[in-house]
Amino acid sequence: MNLNFIWLALGEAISPTTAAYALATIGLVVHFGFTGLLNFGQAGFMAVGGYAFAITTLKLGLPLPFAFLAAILASAAFALVLGIPTLRLRSDYLAIVTIAAAEIIRLSVKTPELTDITGGATGLNGAAATFNALNPIPDGRYGIGVLTYTADQLWVRVLGWALVLIACLIVFLLIRSPWGRVIKGIREDEDAVRSLGKNVFSYKMQALVLGGVLGGLAGALFILPRSLQPDNYGTQLTFFLYTIMLLGGATTVFGPLVGSMLFWVVLSLSDGLLSLGVRSGLLPLTSTQQGPIRFIIVGAALALLVVFRPQGLLGKKKEVFFSA
Amino acid sequence: MPKTPTADLVAGPVAPGVPKRNPIIVADGVSRRFGGLTAVDVAHVEIPANAITALIGPNGAGKTTFFNLLTGFDQPNTGTWTFQGRDLARVSAYRVARRGMVRTFQLTKSLGLMTVMDNMLLGATQQPGENMLRALFRPLWRSREDEIRVRAQSLLERFKLDTKAEDYAASLSGGQRKLLEMARALMSEPQLVMLDEPMAGVNPALTQSLLGHILDLKEQGMTVLFVEHDMHVVREIADWVIVMAEGKVVAEGAPDTVMSDPAVIDAYLGAHHETDLGTLSGQLEVAKGMESDVVRSDIEEAAKDAH
Ligand SMILES: Nc1ncnc2c1ncn2[C@@H]1O[C@H](COP(=O)(O)OP(=O)(O)OP(=O)(O)O)[C@@H](O)[C@H]1O
Ligand SMILES: [Mg+2]
C-alpha cells in the first residue's frame, strides 16, 4: 500500500498556499475577531493584492519590492474606498459592500477589454519570475523522502512563512497595546468607546486597512507558486478563510496558522484516504465524487468543533460563554 | 460639602431658563423631533458650573434625548449650545468627550468581554499607545500605562470594584456595571460629568457611598449633571434641579422649592409623593394629624390651586 499521501498531506502544512491562507486569515481576525468588522470580501482584498503584484512585475517590469509595495498600496486603497461610505453605518452595511465589491473585482478583471492589463478570463502567468530571480538558495533538492523541494519551492516557503510570522508579530504587538484595547472596545460597543473620547471611525478604518493589507499581501503570496486566475477569488475563498478562522479561534493571533495548516492537511489527508478507499474498492464512490466529499468532511469537522470547542482550537473558552 | 445656595447660582429671578452666574453649558432653542413627536424642545437653559444639577421629569420627558444631543450622540433639528464658552453644537461625540464632558448611559454600556481593569484603562486620555504606530513600541507608552493603572486602581477601590479588576466586565452584576461605567468615565478627569440614572439598580448602602462620591466630584471642582427618579437622592445632593416635561424645561430651582412647586407636583411627582406607599395602597393606617398626612393635604391643596 502506498502511504506517500500521508507525507504529502503533512507537506501541505508548510505549503505556500497554506501560508497565504493563514496570512489572509490573520487579516480577517483583525477585522472580525478583534474589531468586529464584518468583512465578507477578503477574497477581494486578495485579488486586489494579487493583481497589483502581478501587473507591477509583469506589465510594468518593476523590481520585486515595488510589486509588494503595489500590493500593499492597492489593498489599502481598496479598504479606504469600502470603509469611507460604510464604517459610519451599522456593521451589516460593510458586510454587504465587501461581498459585492469582491465580486465586482473578480468580474471586472475578466472583461475582455482589460485583457491587455489583467489577462482577462485566463489571468496572468509568470508573476513569480522576478521573485525566483532573487532566490539566494543554491540549486539542488532539499528535504526528506517524498517531501523534497527545488530551490525555488523552498524559497517561496521560507519567504511565505517569514511573512506570516512577521504579520503575527505585528498583530500580536498591536493587540496587546492600548491600540488593541480600543479596537476590542469597539467590537463590544462603539458608543461606549466614543463616549470615552476615541475616534471610533478612524480606528475602524485603521483596522480595515491593516487587515485588508494583510489580505493583499496574501494575494501576492498566493500567486507565487501558481498563475493568477480570476476565478480563484470567488466568494468561496472568503468562506474558506472564515472556516480557517473559526478552526483556529476568531480572537487569537496564532489561530490562523493552526487553522490554515489543519484545514489543508485535513483536506489533503481525506483526499488521500478517499482515493485509497476508492482504488481498493472499499468505498462505493467514483473519483469525481471524491473531490466534493473532502469538503463535506471539513464541514463536518467544523460542525463538531463548534459544538465541542466553540472558541476554536486556540481561543479562550470564557470569551464565548459570556454574552454581554 | 455644603450645598451651594441659590443666590450664588442664579443671576436673575428664579424661573425656567434663568441665567446663571457661572454657567458651564448654555443651550438655546434646542429641539429634536422623531417623526411627529417633539422629544426635546428647550428654549433656553443654563447649567451652573461647579454644582450638582439634577434633571428630573416623567418617563419620556426627553431627558435622555437631551443628554444625547448635548454629548453629540444625536443630532438636533435646531439649536445651539456652548460648553465653557465654546460652541459645542454638532461636534462629534468623541470630541465632546475630549473637551472634558463625559457621560454615562441609562442602559449601561460596560464592555463585557474586556476585564474590569481594561474597561478602566480605556477611559484614560493621552495614552500615546493608542496611536497605531507608537503602539508597536512598548517603551513609548509603558510609563503612561503605569500612571493610568494607578489611577484606575484607586478609582476601583473607591467604587469597591478592586477585587474584580481582573474579571470580565460581563461577570459583574447590573449595579456593579453602573459603578464601573461611572468609574470609567472619571478616568479622563472631566470637567462635566453627565450621569443618566446612576443610582438605578444600586443597593441602598452603595447608593449612600455613591452620593458621597458625587459630592466629592463637586469638591474637586467638577460639575455634575444627572438624571434621577429617586427624589430622596435629588433632595440630598442636588444644588439645583431642572424639571423637564414633554421636551420642555417646565421648572427649575433649588430642590426644596422645586419639589413644592404645584406645577412640578402636577406634572411629575404626583400629589402623594411624600406619603408612604403603604398609606396609598391602603396597607397602612394613617392617623389623622400625622406629619405625612398634613403634608399630603397641603400638597393636594396646592395642586388644586394650581388648576
Ligand atoms: N430613537 C428614537 N426614535 C423615536 N423616538 C424616540 C427615540 N428616542 C426617544 N424617543 C422618544 O422621545 C421621547 C423622549 O425619550 P427619552 O428617552 O429622552 O425620555 P426620558 O426622559 O429619558 O425618559 P426615562 O425617564 O423613561 O428615561 C419618548 O417619547 C421616546 O419615545
Ligand atoms: Mg432616560
# chains A, B, ... in the order shown; residues from 1 in each chain; ligands from 1

$ closest_atom_pairs --of "chain B" --to "chain A" --cutoff "8 Å" --atoms "only C-alpha atoms" --output "JSON lines"
{"residue": "B:Ala93", "atom": "CA", "partner": "A:Arg194", "partner_atom": "CA", "distance": 6.2}
{"residue": "B:Tyr94", "atom": "CA", "partner": "A:Gly197", "partner_atom": "CA", "distance": 4.0}
{"residue": "B:Arg95", "atom": "CA", "partner": "A:Gly197", "partner_atom": "CA", "distance": 6.1}
{"residue": "B:Val96", "atom": "CA", "partner": "A:Gly197", "partner_atom": "CA", "distance": 7.3}
{"residue": "B:Ala97", "atom": "CA", "partner": "A:Gly197", "partner_atom": "CA", "distance": 4.7}
{"residue": "B:Arg98", "atom": "CA", "partner": "A:Gly197", "partner_atom": "CA", "distance": 5.1}
{"residue": "B:Val102", "atom": "CA", "partner": "A:Ser195", "partner_atom": "CA", "distance": 6.4}
{"residue": "B:Arg103", "atom": "CA", "partner": "A:Ser195", "partner_atom": "CA", "distance": 6.6}
{"residue": "B:Thr104", "atom": "CA", "partner": "A:Ser195", "partner_atom": "CA", "distance": 7.8}
{"residue": "B:Lys109", "atom": "CA", "partner": "A:Ala192", "partner_atom": "CA", "distance": 5.8}
{"residue": "B:Ser110", "atom": "CA", "partner": "A:Ala192", "partner_atom": "CA", "distance": 7.4}
{"residue": "B:Leu111", "atom": "CA", "partner": "A:Glu188", "partner_atom": "CA", "distance": 5.6}
{"residue": "B:Gly112", "atom": "CA", "partner": "A:Ala324", "partner_atom": "CA", "distance": 4.9}
{"residue": "B:Leu113", "atom": "CA", "partner": "A:Glu319", "partner_atom": "CA", "distance": 6.3}
{"residue": "B:Met114", "atom": "CA", "partner": "A:Gly185", "partner_atom": "CA", "distance": 7.5}
{"residue": "B:Asp118", "atom": "CA", "partner": "A:Arg181", "partner_atom": "CA", "distance": 7.2}
{"residue": "B:Leu122", "atom": "CA", "partner": "A:Val182", "partner_atom": "CA", "distance": 6.7}
{"residue": "B:Gly123", "atom": "CA", "partner": "A:Leu196", "partner_atom": "CA", "distance": 5.4}
{"residue": "B:Ala124", "atom": "CA", "partner": "A:Leu196", "partner_atom": "CA", "distance": 7.8}
{"residue": "B:Thr125", "atom": "CA", "partner": "A:Gly197", "partner_atom": "CA", "distance": 7.8}
{"residue": "B:Gln127", "atom": "CA", "partner": "A:Pro178", "partner_atom": "CA", "distance": 7.4}
{"residue": "B:Gly129", "atom": "CA", "partner": "A:Pro178", "partner_atom": "CA", "distance": 5.1}
{"residue": "B:Glu130", "atom": "CA", "partner": "A:Trp179", "partner_atom": "CA", "distance": 4.1}
{"residue": "B:Asn131", "atom": "CA", "partner": "A:Trp179", "partner_atom": "CA", "distance": 6.2}
{"residue": "B:Met132", "atom": "CA", "partner": "A:Trp179", "partner_atom": "CA", "distance": 6.0}
{"residue": "B:Ala135", "atom": "CA", "partner": "A:Ser177", "partner_atom": "CA", "distance": 5.6}
{"residue": "B:Leu136", "atom": "CA", "partner": "A:Leu173", "partner_atom": "CA", "distance": 5.7}
{"residue": "B:Arg138", "atom": "CA", "partner": "A:Ser177", "partner_atom": "CA", "distance": 7.6}
{"residue": "B:Ala170", "atom": "CA", "partner": "A:Ala324", "partner_atom": "CA", "distance": 5.3}
{"residue": "B:Ser171", "atom": "CA", "partner": "A:Phe322", "partner_atom": "CA", "distance": 7.7}
{"residue": "B:Ala185", "atom": "CA", "partner": "A:Leu196", "partner_atom": "CA", "distance": 6.9}
{"residue": "B:Ser188", "atom": "CA", "partner": "A:Leu196", "partner_atom": "CA", "distance": 7.8}

$ write_last_selection --atoms "C-alpha atoms" --output "PDB file, in the first residue's frame"
ATOM      1  CA  ALA B  93     -19.294  62.603  20.334  1.00  0.00           C
ATOM      2  CA  TYR B  94     -15.649  61.715  20.788  1.00  0.00           C
ATOM      3  CA  ARG B  95     -14.595  65.367  20.516  1.00  0.00           C
ATOM      4  CA  VAL B  96     -17.191  66.333  23.109  1.00  0.00           C
ATOM      5  CA  ALA B  97     -15.665  63.799  25.477  1.00  0.00           C
ATOM      6  CA  ARG B  98     -12.185  65.108  24.782  1.00  0.00           C
ATOM      7  CA  VAL B 102     -18.231  62.776  29.631  1.00  0.00           C
ATOM      8  CA  ARG B 103     -21.458  60.897  30.067  1.00  0.00           C
ATOM      9  CA  THR B 104     -22.776  57.546  31.170  1.00  0.00           C
ATOM     10  CA  LYS B 109     -22.521  50.072  28.355  1.00  0.00           C
ATOM     11  CA  SER B 110     -19.829  48.086  30.063  1.00  0.00           C
ATOM     12  CA  LEU B 111     -17.544  46.255  27.669  1.00  0.00           C
ATOM     13  CA  GLY B 112     -18.335  42.709  28.720  1.00  0.00           C
ATOM     14  CA  LEU B 113     -15.533  40.756  27.080  1.00  0.00           C
ATOM     15  CA  MET B 114     -12.860  43.027  28.478  1.00  0.00           C
ATOM     16  CA  ASP B 118      -9.191  47.193  30.735  1.00  0.00           C
ATOM     17  CA  LEU B 122      -9.819  52.577  28.094  1.00  0.00           C
ATOM     18  CA  GLY B 123     -11.264  55.619  29.819  1.00  0.00           C
ATOM     19  CA  ALA B 124      -7.881  57.302  30.180  1.00  0.00           C
ATOM     20  CA  THR B 125      -6.691  60.089  27.924  1.00  0.00           C
ATOM     21  CA  GLN B 127      -2.173  57.345  26.107  1.00  0.00           C
ATOM     22  CA  GLY B 129      -0.040  53.760  22.736  1.00  0.00           C
ATOM     23  CA  GLU B 130      -3.497  54.340  21.300  1.00  0.00           C
ATOM     24  CA  ASN B 131      -1.750  55.532  18.166  1.00  0.00           C
ATOM     25  CA  MET B 132      -1.237  52.597  15.812  1.00  0.00           C
ATOM     26  CA  ALA B 135       1.561  51.031  19.840  1.00  0.00           C
ATOM     27  CA  LEU B 136       4.206  48.773  18.320  1.00  0.00           C
ATOM     28  CA  ARG B 138       6.110  49.436  24.200  1.00  0.00           C
ATOM     29  CA  ALA B 170     -19.699  40.637  31.761  1.00  0.00           C
ATOM     30  CA  SER B 171     -19.418  38.804  35.063  1.00  0.00           C
ATOM     31  CA  ALA B 185     -15.994  57.986  32.955  1.00  0.00           C
ATOM     32  CA  SER B 188     -10.372  61.111  31.971  1.00  0.00           C
TER      33      SER B 188
END

$ residues_near_ligand --ligand "ligand 2" --cutoff "12 Å" --atoms "only C-alpha atoms and all ligand atoms" --output "MDAnalysis selection string"
chainID B and resid 39 55:68 104:108 195:198 200 226:229 244 247

$ write_last_selection --atoms "C-alpha atoms" --output "PDB file, in the first residue's frame"
ATOM      1  CA  ALA B  39     -38.891  64.793  22.135  1.00  0.00           C
ATOM      2  CA  LEU B  55     -32.517  66.778  35.646  1.00  0.00           C
ATOM      3  CA  ILE B  56     -35.870  65.277  36.534  1.00  0.00           C
ATOM      4  CA  GLY B  57     -39.131  64.669  34.766  1.00  0.00           C
ATOM      5  CA  PRO B  58     -41.609  61.938  33.846  1.00  0.00           C
ATOM      6  CA  ASN B  59     -40.742  58.969  31.641  1.00  0.00           C
ATOM      7  CA  GLY B  60     -40.433  60.090  28.062  1.00  0.00           C
ATOM      8  CA  ALA B  61     -39.879  63.722  29.039  1.00  0.00           C
ATOM      9  CA  GLY B  62     -36.826  63.883  26.796  1.00  0.00           C
ATOM     10  CA  LYS B  63     -34.073  63.787  29.425  1.00  0.00           C
ATOM     11  CA  THR B  64     -32.014  61.067  27.787  1.00  0.00           C
ATOM     12  CA  THR B  65     -32.573  62.588  24.356  1.00  0.00           C
ATOM     13  CA  PHE B  66     -31.341  65.937  25.691  1.00  0.00           C
ATOM     14  CA  PHE B  67     -28.251  64.170  27.081  1.00  0.00           C
ATOM     15  CA  ASN B  68     -27.677  62.544  23.710  1.00  0.00           C
ATOM     16  CA  THR B 104     -22.776  57.546  31.170  1.00  0.00           C
ATOM     17  CA  PHE B 105     -25.716  55.734  29.644  1.00  0.00           C
ATOM     18  CA  GLN B 106     -29.103  54.872  31.063  1.00  0.00           C
ATOM     19  CA  LEU B 107     -28.687  51.370  29.648  1.00  0.00           C
ATOM     20  CA  THR B 108     -25.240  50.511  30.918  1.00  0.00           C
ATOM     21  CA  LEU B 195     -24.898  60.631  34.626  1.00  0.00           C
ATOM     22  CA  ASP B 196     -28.092  59.084  33.253  1.00  0.00           C
ATOM     23  CA  GLU B 197     -29.819  57.438  36.225  1.00  0.00           C
ATOM     24  CA  PRO B 198     -26.637  56.479  38.100  1.00  0.00           C
ATOM     25  CA  ALA B 200     -30.876  52.759  39.229  1.00  0.00           C
ATOM     26  CA  PHE B 226     -27.551  63.807  36.498  1.00  0.00           C
ATOM     27  CA  VAL B 227     -30.920  62.309  35.656  1.00  0.00           C
ATOM     28  CA  GLU B 228     -32.627  60.642  38.583  1.00  0.00           C
ATOM     29  CA  HIS B 229     -36.089  59.447  39.510  1.00  0.00           C
ATOM     30  CA  MET B 244     -38.461  68.624  32.030  1.00  0.00           C
ATOM     31  CA  GLY B 247     -39.450  68.051  25.995  1.00  0.00           C
TER      32      GLY B 247
END

$ atom_distance --atom1 "CA of Ala24 (chain A)" --atom2 "CA of Asp92 (chain A)"
21.0 Å

$ closest_atom_pairs --of "region 189-292 of chain A" --to "region 39-61 of chain A" --cutoff "8 Å" --atoms "only C-alpha atoms" --output "CSV"
residue,atom,partner,partner_atom,distance
A:Gly212,CA,A:Phe45,CA,5.8
A:Val213,CA,A:Phe45,CA,7.5
A:Gly215,CA,A:Met46,CA,5.0
A:Gly216,CA,A:Gly49,CA,3.8
A:Leu217,CA,A:Gly49,CA,5.9
A:Ala218,CA,A:Met46,CA,6.1
A:Gly219,CA,A:Met46,CA,3.9
A:Ala220,CA,A:Gly50,CA,4.3
A:Leu221,CA,A:Gly50,CA,7.7
A:Phe222,CA,A:Gly50,CA,7.5
A:Ile223,CA,A:Gly50,CA,6.7
A:Leu228,CA,A:Gly50,CA,7.4
A:Pro230,CA,A:Ala47,CA,7.5
A:Tyr233,CA,A:Ala43,CA,5.2
A:Gly234,CA,A:Ala43,CA,6.6
A:Thr235,CA,A:Ala43,CA,6.7
A:Leu237,CA,A:Ala43,CA,5.8
A:Thr238,CA,A:Ala43,CA,5.1
A:Phe239,CA,A:Phe40,CA,7.9

$ select_by_dssp --residues "region 44-261 of chain B" --states "strand (DSSP E or B)" --output "number ranges by chain"
B: 44-48, 52-56, 78-83, 86-87, 101-103, 115, 168, 192-196, 223-227, 240-245, 248-253

$ select_by_dssp --residues "region 59-92 of chain B" --states "alpha helix (DSSP H)" --output "list in words"
Lys63, Thr64, Thr65, Phe66, Phe67, Asn68, Leu69 and Leu70 of chain B
